[in-house]
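J.: If it helps, the file is called work-v6.cif and holds mmCIF, C-alpha atoms:
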```cif
data_work
loop_
_atom_site.label_atom_id
_atom_site.label_comp_id
_atom_site.auth_asym_id
_atom_site.auth_seq_id
_atom_site.Cartn_x
_atom_site.Cartn_y
_atom_site.Cartn_z
CA ASP Y 1 -3.75 -7.29 -16.18
CA THR Y 2 -3.08 -5.36 -12.94
CA GLU Y 3 0.65 -5.95 -12.76
CA VAL Y 4 3.27 -3.54 -11.52
CA THR Y 5 6.82 -4.86 -11.86
CA GLN Y 6 9.84 -3.77 -9.87
CA THR Y 7 13.53 -4.46 -10.34
CA PRO Y 8 15.72 -5.51 -8.74
CA LYS Y 9 14.04 -7.77 -6.19
CA HIS Y 10 16.92 -7.35 -3.74
CA LEU Y 11 19.66 -4.74 -3.56
CA VAL Y 12 22.63 -4.45 -1.23
CA MET Y 13 24.63 -1.24 -1.42
CA GLY Y 14 27.28 0.63 0.47
CA MET Y 15 26.83 4.14 1.75
CA THR Y 16 28.91 5.62 -1.07
CA ASN Y 17 27.21 3.75 -3.89
CA LYS Y 18 24.78 5.08 -6.47
CA LYS Y 19 22.00 2.75 -7.53
CA SER Y 20 18.53 2.94 -9.04
CA LEU Y 21 15.25 1.17 -8.46
CA LYS Y 22 12.93 0.66 -11.40
CA CYS Y 23 9.16 0.33 -11.60
CA GLU Y 24 7.05 -0.37 -14.66
CA GLN Y 25 3.35 -0.70 -15.45
CA HIS Y 26 1.45 -1.15 -18.69
CA MET Y 27 -2.07 -0.54 -17.46
CA GLY Y 28 -2.29 2.98 -18.87
CA HIS Y 29 -2.15 4.44 -15.38
CA ARG Y 30 -1.07 8.08 -15.13
CA ALA Y 31 -0.28 8.21 -11.41
CA MET Y 32 2.70 6.42 -9.91
CA TYR Y 33 3.91 6.27 -6.33
CA TRP Y 34 6.97 5.37 -4.26
CA TYR Y 35 6.50 4.06 -0.73
CA LYS Y 36 9.00 3.01 1.92
CA GLN Y 37 8.07 0.21 4.29
CA LYS Y 38 10.05 -0.73 7.38
CA ALA Y 39 9.54 -4.11 9.04
CA LYS Y 40 6.19 -4.53 10.81
CA LYS Y 41 5.08 -1.03 9.75
CA PRO Y 42 2.62 0.26 7.15
CA PRO Y 43 3.92 1.77 3.91
CA GLU Y 44 4.95 5.43 4.09
CA LEU Y 45 4.37 7.59 1.05
CA MET Y 46 7.52 9.16 -0.42
CA PHE Y 47 6.61 10.57 -3.84
CA VAL Y 48 3.65 10.83 -6.20
CA TYR Y 49 3.85 11.45 -9.92
CA SER Y 50 0.72 12.47 -11.76
CA TYR Y 51 0.88 12.70 -15.56
CA GLU Y 52 4.68 12.46 -15.36
CA LYS Y 53 4.96 15.47 -13.07
CA LEU Y 54 5.97 15.27 -9.41
CA SER Y 55 2.87 16.21 -7.45
CA ILE Y 56 3.75 15.12 -3.91
CA ASN Y 57 7.12 14.95 -2.17
CA GLU Y 58 6.67 13.97 1.46
CA SER Y 59 9.80 15.79 2.69
CA VAL Y 60 12.04 12.97 1.58
CA PRO Y 61 15.83 13.51 1.95
CA SER Y 62 17.61 14.52 -1.25
CA ARG Y 63 19.62 11.29 -1.27
CA PHE Y 64 16.42 9.84 -2.82
CA SER Y 65 15.76 11.25 -6.27
CA PRO Y 66 12.68 10.16 -8.23
CA GLU Y 67 12.34 10.26 -11.99
CA CYS Y 68 9.42 9.56 -14.29
CA PRO Y 69 10.79 9.22 -17.86
CA ASN Y 70 7.39 8.34 -19.32
CA SER Y 71 3.91 7.30 -18.26
CA SER Y 72 4.91 3.63 -17.82
CA LEU Y 73 8.20 4.00 -15.97
CA LEU Y 74 9.21 5.27 -12.56
CA ASN Y 75 12.73 5.28 -11.20
CA LEU Y 76 14.14 5.99 -7.77
CA HIS Y 77 17.79 7.03 -7.80
CA LEU Y 78 19.72 6.37 -4.61
CA HIS Y 79 22.92 8.07 -3.54
CA ALA Y 80 24.82 8.22 -0.26
CA LEU Y 81 22.20 6.29 1.65
CA GLN Y 82 22.35 5.53 5.36
CA PRO Y 83 21.85 2.14 7.05
CA GLU Y 84 18.49 3.38 8.38
CA ASP Y 85 17.30 3.64 4.78
CA SER Y 86 17.25 -0.16 4.61
CA ALA Y 87 13.63 -1.11 3.92
CA LEU Y 88 11.21 -2.54 1.38
CA TYR Y 89 10.57 0.03 -1.35
CA LEU Y 90 7.18 -0.34 -2.97
CA CYS Y 91 5.96 1.16 -6.20
CA ALA Y 92 2.27 1.60 -6.95
CA SER Y 93 0.18 2.98 -9.77
CA SER Y 94 -3.40 4.17 -10.19
CA LEU Y 95 -5.57 5.44 -13.00
CA SER Y 96 -4.98 9.16 -12.63
CA GLY Y 97 -4.45 10.26 -9.04
CA ARG Y 98 -6.78 13.14 -9.74
CA GLY Y 99 -10.44 13.98 -9.42
CA ALA Y 100 -13.18 13.35 -6.95
CA ASN Y 101 -13.05 9.57 -7.09
CA ALA Y 102 -10.29 7.62 -5.41
CA ASP Y 103 -8.67 5.23 -7.87
CA THR Y 104 -7.36 1.93 -6.62
CA GLN Y 105 -3.60 1.79 -6.17
CA TYR Y 106 -1.96 -1.37 -7.46
CA PHE Y 107 1.32 -2.31 -5.82
CA GLY Y 108 4.42 -3.99 -7.14
CA PRO Y 109 6.26 -6.73 -5.21
CA GLY Y 110 8.85 -4.29 -3.88
CA THR Y 111 12.63 -4.05 -3.77
CA ARG Y 112 14.28 -5.16 -0.55
CA LEU Y 113 17.10 -2.67 0.01
CA THR Y 114 19.95 -3.21 2.46
CA VAL Y 115 22.44 -0.40 3.07
CA LEU Y 116 25.71 -1.46 4.65
CA ALA F 1 -7.36 15.01 8.08
CA GLN F 2 -8.44 11.43 7.68
CA SER F 3 -7.04 8.50 9.64
CA VAL F 4 -7.67 4.82 10.33
CA THR F 5 -7.24 2.79 13.48
CA GLN F 6 -6.83 -0.96 13.35
CA LEU F 7 -7.67 -2.58 16.66
CA GLY F 8 -5.33 -5.43 17.48
CA SER F 9 -1.87 -5.66 16.00
CA HIS F 10 -2.12 -9.46 16.04
CA VAL F 11 -5.16 -11.70 15.68
CA SER F 12 -4.98 -15.46 15.95
CA VAL F 13 -7.79 -17.80 14.82
CA SER F 14 -8.22 -21.51 14.31
CA GLU F 15 -8.56 -22.91 10.82
CA GLY F 16 -12.25 -22.87 9.89
CA ALA F 17 -13.12 -20.16 12.42
CA LEU F 18 -14.53 -16.73 11.69
CA VAL F 19 -12.02 -14.00 10.84
CA LEU F 20 -12.80 -10.49 12.10
CA LEU F 21 -10.27 -7.69 11.60
CA ARG F 22 -11.33 -4.30 12.91
CA CYS F 23 -10.89 -0.93 11.24
CA ASN F 24 -12.29 2.41 12.38
CA TYR F 25 -11.86 5.56 10.36
CA SER F 26 -11.92 9.25 11.06
CA SER F 27 -13.01 11.56 8.28
CA SER F 28 -14.94 14.80 7.98
CA VAL F 29 -16.42 13.79 4.63
CA PRO F 30 -17.47 10.42 3.17
CA PRO F 31 -14.27 8.47 2.66
CA TYR F 32 -13.04 5.81 0.30
CA LEU F 33 -11.87 2.77 2.26
CA PHE F 34 -9.63 -0.10 1.27
CA TRP F 35 -8.38 -3.37 2.68
CA TYR F 36 -5.03 -4.66 1.44
CA VAL F 37 -3.25 -7.91 2.28
CA GLN F 38 0.51 -8.38 2.35
CA TYR F 39 2.11 -11.82 2.38
CA PRO F 40 5.71 -12.10 3.65
CA ASN F 41 8.25 -10.41 1.38
CA GLN F 42 5.60 -9.35 -1.09
CA GLY F 43 3.79 -6.18 -2.11
CA LEU F 44 0.26 -5.21 -1.14
CA GLN F 45 -2.70 -6.86 -2.84
CA LEU F 46 -6.11 -5.22 -2.90
CA LEU F 47 -8.78 -7.27 -1.11
CA LEU F 48 -11.69 -4.89 -1.50
CA LYS F 49 -12.69 -1.23 -1.76
CA TYR F 50 -15.63 0.83 -0.50
CA THR F 51 -16.80 3.59 -2.80
CA SER F 52 -20.31 4.31 -1.42
CA ALA F 53 -22.05 2.19 -4.06
CA ALA F 54 -22.97 -0.48 -1.48
CA THR F 55 -22.30 -0.75 2.24
CA LEU F 56 -21.47 -4.47 2.07
CA VAL F 57 -18.45 -5.00 -0.12
CA LYS F 58 -17.33 -8.42 -1.31
CA GLY F 59 -13.70 -8.96 -2.11
CA ILE F 60 -11.34 -11.67 -3.20
CA ASN F 61 -10.58 -14.91 -1.35
CA GLY F 62 -13.97 -14.94 0.42
CA PHE F 63 -13.41 -11.71 2.35
CA GLU F 64 -16.03 -9.02 2.78
CA ALA F 65 -16.36 -5.77 4.70
CA GLU F 66 -19.31 -3.68 5.83
CA PHE F 67 -19.25 0.11 5.92
CA LYS F 68 -21.09 1.41 8.99
CA LYS F 69 -21.27 5.18 9.03
CA SER F 70 -22.86 5.34 12.48
CA GLU F 71 -19.94 3.39 13.94
CA THR F 72 -17.29 4.84 11.57
CA SER F 73 -16.18 1.28 10.97
CA PHE F 74 -15.15 -0.89 8.05
CA HIS F 75 -14.40 -4.29 9.60
CA LEU F 76 -13.09 -7.14 7.45
CA THR F 77 -14.62 -10.60 7.84
CA LYS F 78 -14.31 -14.09 6.42
CA PRO F 79 -16.61 -16.90 7.56
CA SER F 80 -13.99 -19.64 7.61
CA ALA F 81 -10.25 -19.06 7.96
CA HIS F 82 -7.80 -20.96 5.83
CA MET F 83 -4.10 -21.47 6.51
CA SER F 84 -3.31 -19.44 3.40
CA ASP F 85 -5.00 -16.38 4.96
CA ALA F 86 -2.08 -15.89 7.34
CA ALA F 87 -0.66 -12.49 6.39
CA GLU F 88 -0.56 -8.80 7.33
CA TYR F 89 -3.75 -6.85 6.64
CA PHE F 90 -3.89 -3.09 6.18
CA CYS F 91 -6.92 -0.84 6.23
CA ALA F 92 -6.50 2.43 4.32
CA VAL F 93 -8.53 5.60 3.73
CA THR F 94 -8.54 8.50 1.31
CA LEU F 95 -10.96 11.26 0.44
CA SER F 96 -10.39 11.59 -3.28
CA GLY F 97 -7.94 11.03 -6.06
CA ASN F 98 -6.05 14.13 -4.98
CA THR F 99 -5.34 13.11 -1.40
CA PRO F 100 -2.82 10.48 -0.31
CA LEU F 101 -3.84 7.03 0.87
CA VAL F 102 -3.49 6.81 4.66
CA PHE F 103 -2.77 3.35 6.08
CA GLY F 104 -3.57 1.88 9.45
CA LYS F 105 -0.76 0.21 11.40
CA GLY F 106 -1.74 -3.23 10.19
CA THR F 107 -3.02 -6.43 11.78
CA ARG F 108 -1.09 -9.68 11.53
CA LEU F 109 -3.42 -12.64 11.12
CA SER F 110 -2.21 -16.05 12.27
CA VAL F 111 -4.20 -19.18 11.46
CA ILE F 112 -3.72 -22.20 13.71
CA ALA F 113 -4.27 -25.71 12.40
#
```
How would this structure read if it were set down as structure tokens?
T.:
Amino acid sequence: DTEVTQTPKHLVMGMTNKKSLKCEQHMGHRAMYWYKQKAKKPPELMFVYSYEKLSINESVPSRFSPECPNSSLLNLHLHALQPEDSALYLCASSLSGRGANADTQYFGPGTRLTVL
Amino acid sequence: AQSVTQLGSHVSVSEGALVLLRCNYSSSVPPYLFWYVQYPNQGLQLLLKYTSAATLVKGINGFEAEFKKSETSFHLTKPSAHMSDAAEYFCAVTLSGNTPLVFGKGTRLSVIA
């Protein structure tokens, strides 16, 4: 089973709202990723967690706050977002995110976020 | 730093025709290369992955790609296009488990009946 699940599927929020995106995998993967994808563009890496510790933060604004409560779960907390933050947010996981070999990243279906 | 270039943002083929999507990479060391497909309003699905075990890599849905070091290419092919192949295709490269995956800009494949 190579499934990564994401909830919710769609989210509409105002600029003053606080919301969270959730990602879950049960493949025993120890690396989890958040990507942002705008229309007709490739995914852009936001954060990487490796063994539940934040290992990469690609200079993402603080209105995005990631959290990795355990090895199966990854959250993205959203606060005071701007309309330009509207995008498809993708979660991915891979075996370890470490070492000489590149593990395959498996992607979830994404959350379509609209900020009004 | 590594990078990938996908030639052609949009490719259109007739149903039953050969599919060829081009990807060239830039890397100072042997890379790991991936092709992903994305259907509308969905996440990315892995088609195939090159890990240096074999230069011709077979993937899902009848796709394959050949790693050519001399040409720094990893083009994706399928002998006969099907309507269900219409999607966005991304080539991606990384050097190891410790370096981020770098995506090309994507190629949208249209299949005409």
J.: Which residues, written as a list in words, have at least one atom at most 8 Å from segment 91-96 of chain Y, with only C-alpha atoms counted and residues fewer than 3 positions away on the same chain left out?
T.: Val4, Gln6, Cys23, Gln25, Gly28, His29, Arg30, Ala31, Met32, Tyr33, Trp34, Tyr35, Ser50, Tyr51, Gly99, Asp103, Thr104, Gln105, Tyr106, Phe107, Gly108, Pro109 and Gly110 of chain Y; Gly97 of chain F
J.: Need the neighbours of (-0.4, -0.5, 6.9): which residues are at most 6 Å away, counting all atoms listed in the file, as a PyMOL selection string?
T.: (chain Y and resi 42-43) or (chain F and resi 90+103-106)
J.: Quote the spacing between atom CA of Lys49 of chain F and atom CA of His10 of chain F in Å to one decimal place.
T.: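 Answer for the atom CA of Lys49 of chain F to atom CA of His10 of chain F separation: 22.3 Å.
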J.: For the file shown, what are the residues hit by the PyMOL selection byres ((chain F) within 9 of (chain Y)), laid out as a list in words?
T.: Tyr32, Phe34, Asn41, Gln42, Gly43, Leu44, Gln45, Leu46, Lys49, Thr51, Glu88, Phe90, Thr94, Leu95, Ser96, Gly97, Asn98, Thr99, Pro100, Leu101, Val102, Phe103, Gly104, Lys105, Gly106 and Arg108 of chain F
J.: Which residues are near segment 11-13 of chain F? Cut-off 7 Å, only C-alpha atoms, ignore same chain within fewer than 4 positions. Put them as a VMD selection string.
T.: chain F and resid 17 19 107 to 112
J.: From the list F:Ala86, F:Val93, F:Leu76, F:Ala54, which residue is nearest Ser27 of chain F when using only C-alpha atoms?
T.: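 Of all the options, F:Val93 lies closest to Ser27 of chain F.
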J.: Could you list, as an mmCIF file with C-alpha atoms, in the coordinates of the input, every residue within 12 Å of Glu71 of chain F, counting all atoms listed in the file and ignoring same-chain residues fewer than 6 positions away?
T.:
```
data_model
loop_
_atom_site.group_PDB
_atom_site.id
_atom_site.type_symbol
_atom_site.label_atom_id
_atom_site.label_comp_id
_atom_site.auth_asym_id
_atom_site.auth_seq_id
_atom_site.Cartn_x
_atom_site.Cartn_y
_atom_site.Cartn_z
ATOM 1 C CA ARG F 22 -11.330 -4.300 12.910
ATOM 2 C CA CYS F 23 -10.890 -0.930 11.240
ATOM 3 C CA ASN F 24 -12.290 2.410 12.380
ATOM 4 C CA TYR F 25 -11.860 5.560 10.360
ATOM 5 C CA SER F 26 -11.920 9.250 11.060
#
```
J.: In the coordinate frame of the file, compute which residues have an atom within 7 Å of (26.9, 8.5, -3.1) when using all atoms listed in the file, and state them as a PDB file with C-alpha atoms, in the frame of the given file.
T.:
```pdb
ATOM      1  CA  MET Y  15      26.830   4.140   1.750  1.00  0.00           C
ATOM      2  CA  THR Y  16      28.910   5.620  -1.070  1.00  0.00           C
ATOM      3  CA  ASN Y  17      27.210   3.750  -3.890  1.00  0.00           C
ATOM      4  CA  LYS Y  18      24.780   5.080  -6.470  1.00  0.00           C
ATOM      5  CA  HIS Y  79      22.920   8.070  -3.540  1.00  0.00           C
ATOM      6  CA  ALA Y  80      24.820   8.220  -0.260  1.00  0.00           C
TER       7      ALA Y  80
END
```
J.: One number please: atom CA of Val29 of chain F to atom CA of Ser70 of chain F, in Å, one decimal.
T.: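 A separation of 13.2 Å between them.
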J.: Set the distance at 9 Å and use only C-alpha atoms: which residues neighbour segment 60-67 of chain F once local chain neighbours fewer than 6 positions away are removed? I'd like the list as a VMD selection string.
T.: chain F and resid 19 33 35 46 to 50 52 54 73 to 80 85
J.: Write out as a PDB file with C-alpha atoms, keeping the file's coordinate frame which residues come within 7 Å of Thr114 of chain Y when counting all atoms listed in the file, dropping same-chain ones fewer than 5 positions away.
T.:
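Okay, out_18.pdb is ready:
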```pdb
ATOM      1  CA  LEU Y  11      19.660  -4.740  -3.560  1.00  0.00           C
ATOM      2  CA  VAL Y  12      22.630  -4.450  -1.230  1.00  0.00           C
ATOM      3  CA  MET Y  13      24.630  -1.240  -1.420  1.00  0.00           C
ATOM      4  CA  SER Y  86      17.250  -0.160   4.610  1.00  0.00           C
ATOM      5  CA  ALA Y  87      13.630  -1.110   3.920  1.00  0.00           C
TER       6      ALA Y  87
END
```
J.: Report, in Å to a single decimal, how far apart atom CA of Ala1 of chain F and atom CA of Ala53 of chain F are.
T.: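 According to the coordinates, atom CA of Ala53 of chain F and atom CA of Ala1 of chain F are separated by 23.0 Å.
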J.: Identify all residues satisfying the PyMOL selection byres ((chain Y and resi 61) around 12) in the given file; provide them as a list in words.
T.: Met46, Phe47, Asn57, Glu58, Ser59, Val60, Ser62, Arg63, Phe64, Ser65, Pro66, His77, Leu78, His79, Ala80, Leu81, Gln82 and Asp85 of chain Y
J.: Which of these residues is nearest to Lys22 of chain Y, using only C-alpha atoms: Y:Glu67, Y:Glu52, Y:Glu84, Y:Glu3?
T.: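 Going through Y:Glu67, Y:Glu52, Y:Glu84, Y:Glu3 one by one, the smallest distance to Lys22 of chain Y is for Y:Glu67.
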J.: Could you work out an axis-aligned box for segment 39-44 of chain F, taking every atom the file lists and adding 4 Å on each side, and report centre and edge lengths in Å to one decimal, as JSON?
T.:
```
{"center_x": 4.3, "center_y": -8.7, "center_z": 0.8, "size_x": 16.0, "size_y": 14.9, "size_z": 13.8}
```
